[in-house]
Amino acid sequence: MYKISEFAKLTGLSKETLRYYAEVKLLEPAYIDPKNNYRYYDDGSIFLATLLTKLRKIGFTIQEMISVMEDESFANLETLLIQKKRNILQQIHDLQLQVEEIDGFLASGKEET
């Protein structure tokens with residue numbers, strides 16, 4: 001079992017993030033000591049923390065992460081990842097169009113001078 005500070009160092013998540021994740025039922029401690037309210041995490045929590053870190057890095061919202069964690073079989077994770085990828089690719093396309101608009105606008109300004 002790991003105290004919250006040890007678990008934070010081990011996973012790269014801050015103590016504040018771990019407390020928040022526990023509050024929203026995203027990653028709850030394996031054990032809370034009733035005497036002093038210390039939070040303890042186990043080895044199984046490391047996998048979940050790693051998964052949550054990955055999901056955050058690829059842009060999942062807290063609500064999307066909760067949805068993944070509620071589906072303990074992770075059956076819908078692939079579908080969610082594919083949809084997230086589609087959304088990112090669409091955003092990239094939209095941004096490329098904006099860049100082209102800017103380039104066109106700048107080019108037209110140079111032609112007039």
# chains A, B, ... in the order shown; residues from 1 in each chain; ligands from 1

call {"tool": "residues_around", "arguments": {"residues": "A:Lys54", "least_positions_apart": "4", "cutoff": "12 Å", "atoms": "only C-alpha atoms", "output": "PyMOL selection string"}}
result
chain A and resi 11-13+47-50+58-61+65+81

call {"tool": "write_last_selection", "arguments": {"atoms": "all heavy atoms", "output": "mmCIF file, in the first residue's frame"}}
result
data_model
loop_
_atom_site.group_PDB
_atom_site.id
_atom_site.type_symbol
_atom_site.label_atom_id
_atom_site.label_comp_id
_atom_site.auth_asym_id
_atom_site.auth_seq_id
_atom_site.Cartn_x
_atom_site.Cartn_y
_atom_site.Cartn_z
ATOM 1 N N THR A 11 3.112 7.846 -9.699
ATOM 2 C CA THR A 11 2.259 7.967 -10.889
ATOM 3 C C THR A 11 2.429 9.274 -11.646
ATOM 4 O O THR A 11 1.986 9.382 -12.786
ATOM 5 C CB THR A 11 0.779 7.842 -10.496
ATOM 6 O OG1 THR A 11 0.438 8.906 -9.601
ATOM 7 C CG2 THR A 11 0.487 6.487 -9.866
ATOM 8 N N GLY A 12 3.022 10.269 -10.998
ATOM 9 C CA GLY A 12 3.150 11.572 -11.638
ATOM 10 C C GLY A 12 1.914 12.439 -11.482
ATOM 11 O O GLY A 12 1.867 13.553 -11.992
ATOM 12 N N LEU A 13 0.911 11.936 -10.789
ATOM 13 C CA LEU A 13 -0.286 12.734 -10.503
ATOM 14 C C LEU A 13 -0.070 13.486 -9.195
ATOM 15 O O LEU A 13 0.522 12.950 -8.256
ATOM 16 C CB LEU A 13 -1.517 11.834 -10.378
ATOM 17 C CG LEU A 13 -1.935 11.070 -11.630
ATOM 18 C CD1 LEU A 13 -3.009 10.040 -11.302
ATOM 19 C CD2 LEU A 13 -2.437 12.034 -12.694
ATOM 20 N N PHE A 47 -2.297 0.874 -12.315
ATOM 21 C CA PHE A 47 -2.813 0.685 -13.671
ATOM 22 C C PHE A 47 -3.868 1.730 -13.994
ATOM 23 O O PHE A 47 -3.838 2.357 -15.060
ATOM 24 C CB PHE A 47 -3.403 -0.722 -13.840
ATOM 25 C CG PHE A 47 -4.207 -0.872 -15.096
ATOM 26 C CD1 PHE A 47 -3.574 -0.996 -16.326
ATOM 27 C CD2 PHE A 47 -5.591 -0.855 -15.051
ATOM 28 C CE1 PHE A 47 -4.318 -1.115 -17.492
ATOM 29 C CE2 PHE A 47 -6.339 -0.978 -16.212
ATOM 30 C CZ PHE A 47 -5.702 -1.107 -17.434
ATOM 31 N N LEU A 48 -4.804 1.939 -13.074
ATOM 32 C CA LEU A 48 -5.877 2.906 -13.312
ATOM 33 C C LEU A 48 -5.331 4.327 -13.420
ATOM 34 O O LEU A 48 -5.761 5.099 -14.277
ATOM 35 C CB LEU A 48 -6.926 2.813 -12.205
ATOM 36 C CG LEU A 48 -7.649 1.467 -12.103
ATOM 37 C CD1 LEU A 48 -8.585 1.450 -10.902
ATOM 38 C CD2 LEU A 48 -8.394 1.151 -13.383
ATOM 39 N N ALA A 49 -4.375 4.667 -12.581
ATOM 40 C CA ALA A 49 -3.774 6.001 -12.635
ATOM 41 C C ALA A 49 -3.050 6.212 -13.961
ATOM 42 O O ALA A 49 -3.127 7.291 -14.560
ATOM 43 C CB ALA A 49 -2.806 6.189 -11.468
ATOM 44 N N THR A 50 -2.362 5.174 -14.438
ATOM 45 C CA THR A 50 -1.663 5.257 -15.720
ATOM 46 C C THR A 50 -2.666 5.448 -16.856
ATOM 47 O O THR A 50 -2.460 6.277 -17.754
ATOM 48 C CB THR A 50 -0.818 3.984 -15.959
ATOM 49 O OG1 THR A 50 0.109 3.853 -14.878
ATOM 50 C CG2 THR A 50 -0.073 4.049 -17.268
ATOM 51 N N ILE A 58 -4.522 12.683 -24.023
ATOM 52 C CA ILE A 58 -5.114 12.689 -25.362
ATOM 53 C C ILE A 58 -6.426 13.470 -25.412
ATOM 54 O O ILE A 58 -7.143 13.413 -26.404
ATOM 55 C CB ILE A 58 -5.292 11.263 -25.941
ATOM 56 C CG1 ILE A 58 -6.144 10.393 -25.044
ATOM 57 C CG2 ILE A 58 -3.952 10.628 -26.197
ATOM 58 C CD1 ILE A 58 -6.379 9.000 -25.605
ATOM 59 N N GLY A 59 -6.696 14.210 -24.348
ATOM 60 C CA GLY A 59 -7.783 15.172 -24.397
ATOM 61 C C GLY A 59 -9.122 14.718 -23.869
ATOM 62 O O GLY A 59 -10.134 15.378 -24.108
ATOM 63 N N PHE A 60 -9.171 13.620 -23.139
ATOM 64 C CA PHE A 60 -10.438 13.200 -22.569
ATOM 65 C C PHE A 60 -10.857 14.169 -21.470
ATOM 66 O O PHE A 60 -10.025 14.634 -20.688
ATOM 67 C CB PHE A 60 -10.320 11.796 -21.971
ATOM 68 C CG PHE A 60 -10.586 10.684 -22.945
ATOM 69 C CD1 PHE A 60 -9.791 10.500 -24.059
ATOM 70 C CD2 PHE A 60 -11.638 9.800 -22.739
ATOM 71 C CE1 PHE A 60 -10.026 9.479 -24.949
ATOM 72 C CE2 PHE A 60 -11.883 8.775 -23.627
ATOM 73 C CZ PHE A 60 -11.081 8.605 -24.737
ATOM 74 N N THR A 61 -12.127 14.469 -21.414
ATOM 75 C CA THR A 61 -12.662 15.287 -20.329
ATOM 76 C C THR A 61 -12.837 14.404 -19.094
ATOM 77 O O THR A 61 -12.799 13.172 -19.193
ATOM 78 C CB THR A 61 -14.032 15.873 -20.712
ATOM 79 O OG1 THR A 61 -14.969 14.788 -20.865
ATOM 80 C CG2 THR A 61 -13.965 16.688 -21.993
ATOM 81 N N MET A 65 -13.685 10.409 -18.939
ATOM 82 C CA MET A 65 -12.876 9.487 -18.148
ATOM 83 C C MET A 65 -13.748 8.711 -17.159
ATOM 84 O O MET A 65 -13.553 7.506 -16.967
ATOM 85 C CB MET A 65 -11.763 10.253 -17.428
ATOM 86 C CG MET A 65 -10.705 10.774 -18.388
ATOM 87 S SD MET A 65 -9.544 11.995 -17.715
ATOM 88 C CE MET A 65 -9.054 11.358 -16.164
ATOM 89 N N LEU A 81 -11.931 6.087 -28.190
ATOM 90 C CA LEU A 81 -10.636 6.512 -28.731
ATOM 91 C C LEU A 81 -10.738 6.818 -30.221
ATOM 92 O O LEU A 81 -10.178 7.814 -30.696
ATOM 93 C CB LEU A 81 -9.575 5.439 -28.484
ATOM 94 C CG LEU A 81 -9.097 5.301 -27.038
ATOM 95 C CD1 LEU A 81 -8.259 4.041 -26.875
ATOM 96 C CD2 LEU A 81 -8.338 6.527 -26.584
#

call {"tool": "residues_around", "arguments": {"residues": "stretch 24-38 of chain A", "least_positions_apart": "5", "cutoff": "12 Å", "atoms": "only C-alpha atoms", "output": "number ranges by chain"}}
result
A: 1-8, 13, 15, 17-19, 43-53, 61-72

call {"tool": "write_last_selection", "arguments": {"atoms": "N, CA, C and O atoms", "output": "CSV table (one decimal), in the first residue's frame"}}
result
chain,number,residue,atom,x,y,z
A,1,MET,N,0.8,-1.2,0.0
A,1,MET,CA,0.0,0.0,0.0
A,1,MET,C,0.9,1.2,0.0
A,1,MET,O,1.9,1.3,0.6
A,2,TYR,N,0.4,2.3,-0.7
A,2,TYR,CA,1.2,3.5,-0.9
A,2,TYR,C,0.4,4.6,-0.3
A,2,TYR,O,-0.8,4.8,-0.5
A,3,LYS,N,1.0,5.5,0.5
A,3,LYS,CA,0.4,6.7,1.0
A,3,LYS,C,0.2,7.6,-0.2
A,3,LYS,O,0.9,7.5,-1.2
A,4,ILE,N,-0.7,8.6,-0.1
A,4,ILE,CA,-1.0,9.4,-1.2
A,4,ILE,C,0.3,10.1,-1.8
A,4,ILE,O,0.4,10.3,-3.0
A,5,SER,N,1.2,10.6,-0.9
A,5,SER,CA,2.4,11.2,-1.4
A,5,SER,C,3.3,10.3,-2.2
A,5,SER,O,3.8,10.7,-3.2
A,6,GLU,N,3.4,9.1,-1.7
A,6,GLU,CA,4.2,8.0,-2.4
A,6,GLU,C,3.5,7.7,-3.8
A,6,GLU,O,4.2,7.6,-4.8
A,7,PHE,N,2.2,7.6,-3.7
A,7,PHE,CA,1.5,7.2,-4.9
A,7,PHE,C,1.6,8.4,-6.0
A,7,PHE,O,1.7,8.1,-7.2
A,8,ALA,N,1.5,9.6,-5.5
A,8,ALA,CA,1.7,10.8,-6.4
A,8,ALA,C,3.0,10.7,-7.1
A,8,ALA,O,3.1,10.9,-8.3
A,13,LEU,N,0.9,11.9,-10.8
A,13,LEU,CA,-0.3,12.7,-10.5
A,13,LEU,C,-0.1,13.5,-9.2
A,13,LEU,O,0.5,13.0,-8.3
A,15,LYS,N,-1.0,15.3,-5.6
A,15,LYS,CA,-1.9,14.9,-4.5
A,15,LYS,C,-3.3,15.5,-4.7
A,15,LYS,O,-4.3,14.9,-4.4
A,17,THR,N,-4.7,16.3,-7.5
A,17,THR,CA,-5.4,15.6,-8.6
A,17,THR,C,-6.0,14.3,-8.0
A,17,THR,O,-7.1,14.0,-8.3
A,18,LEU,N,-5.2,13.6,-7.2
A,18,LEU,CA,-5.7,12.4,-6.7
A,18,LEU,C,-6.9,12.6,-5.7
A,18,LEU,O,-7.8,11.8,-5.8
A,19,ARG,N,-6.8,13.7,-5.0
A,19,ARG,CA,-8.0,14.0,-4.1
A,19,ARG,C,-9.2,14.3,-4.9
A,19,ARG,O,-10.3,13.9,-4.6
A,43,ASP,N,-1.4,-1.6,-5.7
A,43,ASP,CA,-0.8,-1.8,-7.0
A,43,ASP,C,-1.8,-1.7,-8.1
A,43,ASP,O,-1.5,-1.3,-9.2
A,44,GLY,N,-3.0,-2.2,-7.9
A,44,GLY,CA,-4.1,-2.1,-8.9
A,44,GLY,C,-4.4,-0.7,-9.3
A,44,GLY,O,-4.8,-0.4,-10.4
A,45,SER,N,-4.2,0.2,-8.3
A,45,SER,CA,-4.5,1.6,-8.6
A,45,SER,C,-3.5,2.2,-9.5
A,45,SER,O,-3.8,3.2,-10.2
A,46,ILE,N,-2.3,1.6,-9.6
A,46,ILE,CA,-1.3,2.2,-10.5
A,46,ILE,C,-1.7,2.0,-12.0
A,46,ILE,O,-1.6,3.0,-12.7
A,47,PHE,N,-2.3,0.9,-12.3
A,47,PHE,CA,-2.8,0.7,-13.7
A,47,PHE,C,-3.9,1.7,-14.0
A,47,PHE,O,-3.8,2.4,-15.1
A,48,LEU,N,-4.8,1.9,-13.1
A,48,LEU,CA,-5.9,2.9,-13.3
A,48,LEU,C,-5.3,4.3,-13.4
A,48,LEU,O,-5.8,5.1,-14.3
A,49,ALA,N,-4.4,4.7,-12.6
A,49,ALA,CA,-3.8,6.0,-12.6
A,49,ALA,C,-3.0,6.2,-14.0
A,49,ALA,O,-3.1,7.3,-14.6
A,50,THR,N,-2.4,5.2,-14.4
A,50,THR,CA,-1.7,5.3,-15.7
A,50,THR,C,-2.7,5.4,-16.9
A,50,THR,O,-2.5,6.3,-17.8
A,51,LEU,N,-3.8,4.7,-16.8
A,51,LEU,CA,-4.8,4.8,-17.8
A,51,LEU,C,-5.4,6.3,-17.8
A,51,LEU,O,-5.5,6.9,-18.9
A,52,LEU,N,-5.7,6.8,-16.6
A,52,LEU,CA,-6.2,8.1,-16.5
A,52,LEU,C,-5.3,9.2,-17.0
A,52,LEU,O,-5.7,10.1,-17.7
A,53,THR,N,-4.0,9.0,-16.8
A,53,THR,CA,-3.0,9.9,-17.2
A,53,THR,C,-3.0,9.9,-18.8
A,53,THR,O,-2.9,11.0,-19.4
A,61,THR,N,-12.1,14.5,-21.4
A,61,THR,CA,-12.7,15.3,-20.3
A,61,THR,C,-12.8,14.4,-19.1
A,61,THR,O,-12.8,13.2,-19.2
A,62,ILE,N,-13.0,15.0,-18.0
A,62,ILE,CA,-13.3,14.3,-16.7
A,62,ILE,C,-14.5,13.4,-16.9
A,62,ILE,O,-14.5,12.2,-16.5
A,63,GLN,N,-15.6,13.9,-17.5
A,63,GLN,CA,-16.8,13.1,-17.7
A,63,GLN,C,-16.5,11.9,-18.6
A,63,GLN,O,-17.0,10.8,-18.4
A,64,GLU,N,-15.7,12.1,-19.7
A,64,GLU,CA,-15.4,11.0,-20.5
A,64,GLU,C,-14.6,9.9,-19.8
A,64,GLU,O,-14.8,8.7,-20.0
A,65,MET,N,-13.7,10.4,-18.9
A,65,MET,CA,-12.9,9.5,-18.1
A,65,MET,C,-13.7,8.7,-17.2
A,65,MET,O,-13.6,7.5,-17.0
A,66,ILE,N,-14.7,9.4,-16.6
A,66,ILE,CA,-15.6,8.7,-15.7
A,66,ILE,C,-16.4,7.6,-16.4
A,66,ILE,O,-16.6,6.5,-15.9
A,67,SER,N,-16.8,7.9,-17.6
A,67,SER,CA,-17.5,7.0,-18.4
A,67,SER,C,-16.7,5.7,-18.7
A,67,SER,O,-17.2,4.6,-18.6
A,68,VAL,N,-15.4,5.9,-19.0
A,68,VAL,CA,-14.5,4.8,-19.2
A,68,VAL,C,-14.4,4.0,-18.0
A,68,VAL,O,-14.4,2.8,-18.0
A,69,MET,N,-14.2,4.7,-16.8
A,69,MET,CA,-14.0,3.9,-15.6
A,69,MET,C,-15.2,3.2,-15.1
A,69,MET,O,-15.1,2.1,-14.5
A,70,GLU,N,-16.4,3.7,-15.4
A,70,GLU,CA,-17.6,3.1,-15.0
A,70,GLU,C,-17.8,1.8,-15.8
A,70,GLU,O,-18.5,0.8,-15.3
A,71,ASP,N,-17.3,1.7,-17.0
A,71,ASP,CA,-17.4,0.5,-17.9
A,71,ASP,C,-16.2,-0.3,-17.6
A,71,ASP,O,-15.2,-0.2,-18.3
A,72,GLU,N,-16.2,-1.1,-16.5
A,72,GLU,CA,-15.0,-1.8,-16.0
A,72,GLU,C,-14.5,-2.8,-17.0
A,72,GLU,O,-13.3,-3.1,-16.9

call {"tool": "select_by_dssp", "arguments": {"residues": "chain A", "states": "alpha helix (DSSP H)", "output": "PyMOL selection string"}}
result
chain A and resi 4-11+15-23+43-57+62-70+77-112

call {"tool": "atom_distance", "arguments": {"atom1": "atom CA of A:Gln96", "atom2": "atom CA of A:Lys57"}}
result
22.1 Å

call {"tool": "atom_distance", "arguments": {"atom1": "atom CA of A:Ala22", "atom2": "atom CA of A:Arg56"}}
result
15.8 Å

call {"tool": "closest_residue", "arguments": {"among": "A:Lys9, A:Asp103, A:Arg39, A:Leu55", "to": "A:Lys85", "atoms": "only C-alpha atoms"}}
result
A:Leu55

call {"tool": "atom_distance", "arguments": {"atom1": "atom CA of A:Val99", "atom2": "atom CA of A:Ile82"}}
result
25.7 Å

call {"tool": "select_by_dssp", "arguments": {"residues": "chain A", "states": "strand (DSSP E)", "output": "ChimeraX atom specification"}}
result
/A:2-3,31-32,39-41

call {"tool": "write_last_selection", "arguments": {"atoms": "all heavy atoms", "output": "compact mmCIF listing (two decimals), in the first residue's frame"}}
result
# COMPACT_ATOMS: atom_id res chain seq x y z
N TYR A 2 0.41 2.25 -0.71
CA TYR A 2 1.16 3.49 -0.85
C TYR A 2 0.37 4.65 -0.26
O TYR A 2 -0.82 4.80 -0.53
CB TYR A 2 1.42 3.80 -2.33
CG TYR A 2 2.04 2.68 -3.10
CD1 TYR A 2 1.26 1.79 -3.84
CD2 TYR A 2 3.43 2.50 -3.10
CE1 TYR A 2 1.84 0.76 -4.56
CE2 TYR A 2 4.01 1.47 -3.82
CZ TYR A 2 3.20 0.59 -4.55
OH TYR A 2 3.78 -0.43 -5.26
N LYS A 3 1.05 5.47 0.54
CA LYS A 3 0.42 6.71 0.99
C LYS A 3 0.23 7.61 -0.22
O LYS A 3 0.90 7.45 -1.23
CB LYS A 3 1.31 7.42 2.02
CG LYS A 3 1.36 6.76 3.36
CD LYS A 3 2.21 7.59 4.31
CE LYS A 3 2.30 6.96 5.67
NZ LYS A 3 3.12 7.76 6.58
N TYR A 31 -7.85 2.17 0.38
CA TYR A 31 -8.15 2.16 1.81
C TYR A 31 -7.97 3.56 2.37
O TYR A 31 -7.03 4.26 1.99
CB TYR A 31 -7.20 1.18 2.53
CG TYR A 31 -7.33 1.19 4.02
CD1 TYR A 31 -8.42 0.61 4.66
CD2 TYR A 31 -6.34 1.77 4.82
CE1 TYR A 31 -8.54 0.62 6.04
CE2 TYR A 31 -6.44 1.77 6.20
CZ TYR A 31 -7.55 1.20 6.81
OH TYR A 31 -7.66 1.21 8.17
N ILE A 32 -8.87 3.96 3.24
CA ILE A 32 -8.74 5.21 3.99
C ILE A 32 -8.74 4.85 5.46
O ILE A 32 -9.70 4.24 5.97
CB ILE A 32 -9.87 6.20 3.67
CG1 ILE A 32 -9.86 6.56 2.19
CG2 ILE A 32 -9.75 7.46 4.54
CD1 ILE A 32 -11.00 7.47 1.75
N ARG A 39 -5.00 8.38 3.02
CA ARG A 39 -5.43 7.61 1.86
C ARG A 39 -4.30 6.68 1.44
O ARG A 39 -3.15 7.10 1.35
CB ARG A 39 -5.78 8.56 0.70
CG ARG A 39 -6.88 9.52 1.03
CD ARG A 39 -6.87 10.71 0.09
NE ARG A 39 -7.80 11.72 0.52
CZ ARG A 39 -8.96 11.95 -0.07
NH1 ARG A 39 -9.31 11.25 -1.13
NH2 ARG A 39 -9.77 12.87 0.38
N TYR A 40 -4.68 5.46 1.12
CA TYR A 40 -3.70 4.47 0.67
C TYR A 40 -4.16 3.88 -0.66
O TYR A 40 -5.34 3.61 -0.86
CB TYR A 40 -3.54 3.35 1.70
CG TYR A 40 -2.93 3.82 2.99
CD1 TYR A 40 -3.72 4.25 4.04
CD2 TYR A 40 -1.55 3.84 3.15
CE1 TYR A 40 -3.16 4.69 5.23
CE2 TYR A 40 -0.97 4.28 4.33
CZ TYR A 40 -1.79 4.70 5.37
OH TYR A 40 -1.22 5.15 6.54
N TYR A 41 -3.20 3.71 -1.53
CA TYR A 41 -3.45 3.14 -2.86
C TYR A 41 -2.69 1.84 -2.98
O TYR A 41 -1.63 1.67 -2.37
CB TYR A 41 -3.00 4.13 -3.94
CG TYR A 41 -3.83 5.39 -3.94
CD1 TYR A 41 -3.53 6.45 -3.10
CD2 TYR A 41 -4.93 5.51 -4.78
CE1 TYR A 41 -4.29 7.60 -3.09
CE2 TYR A 41 -5.70 6.66 -4.79
CZ TYR A 41 -5.38 7.70 -3.94
OH TYR A 41 -6.15 8.84 -3.93
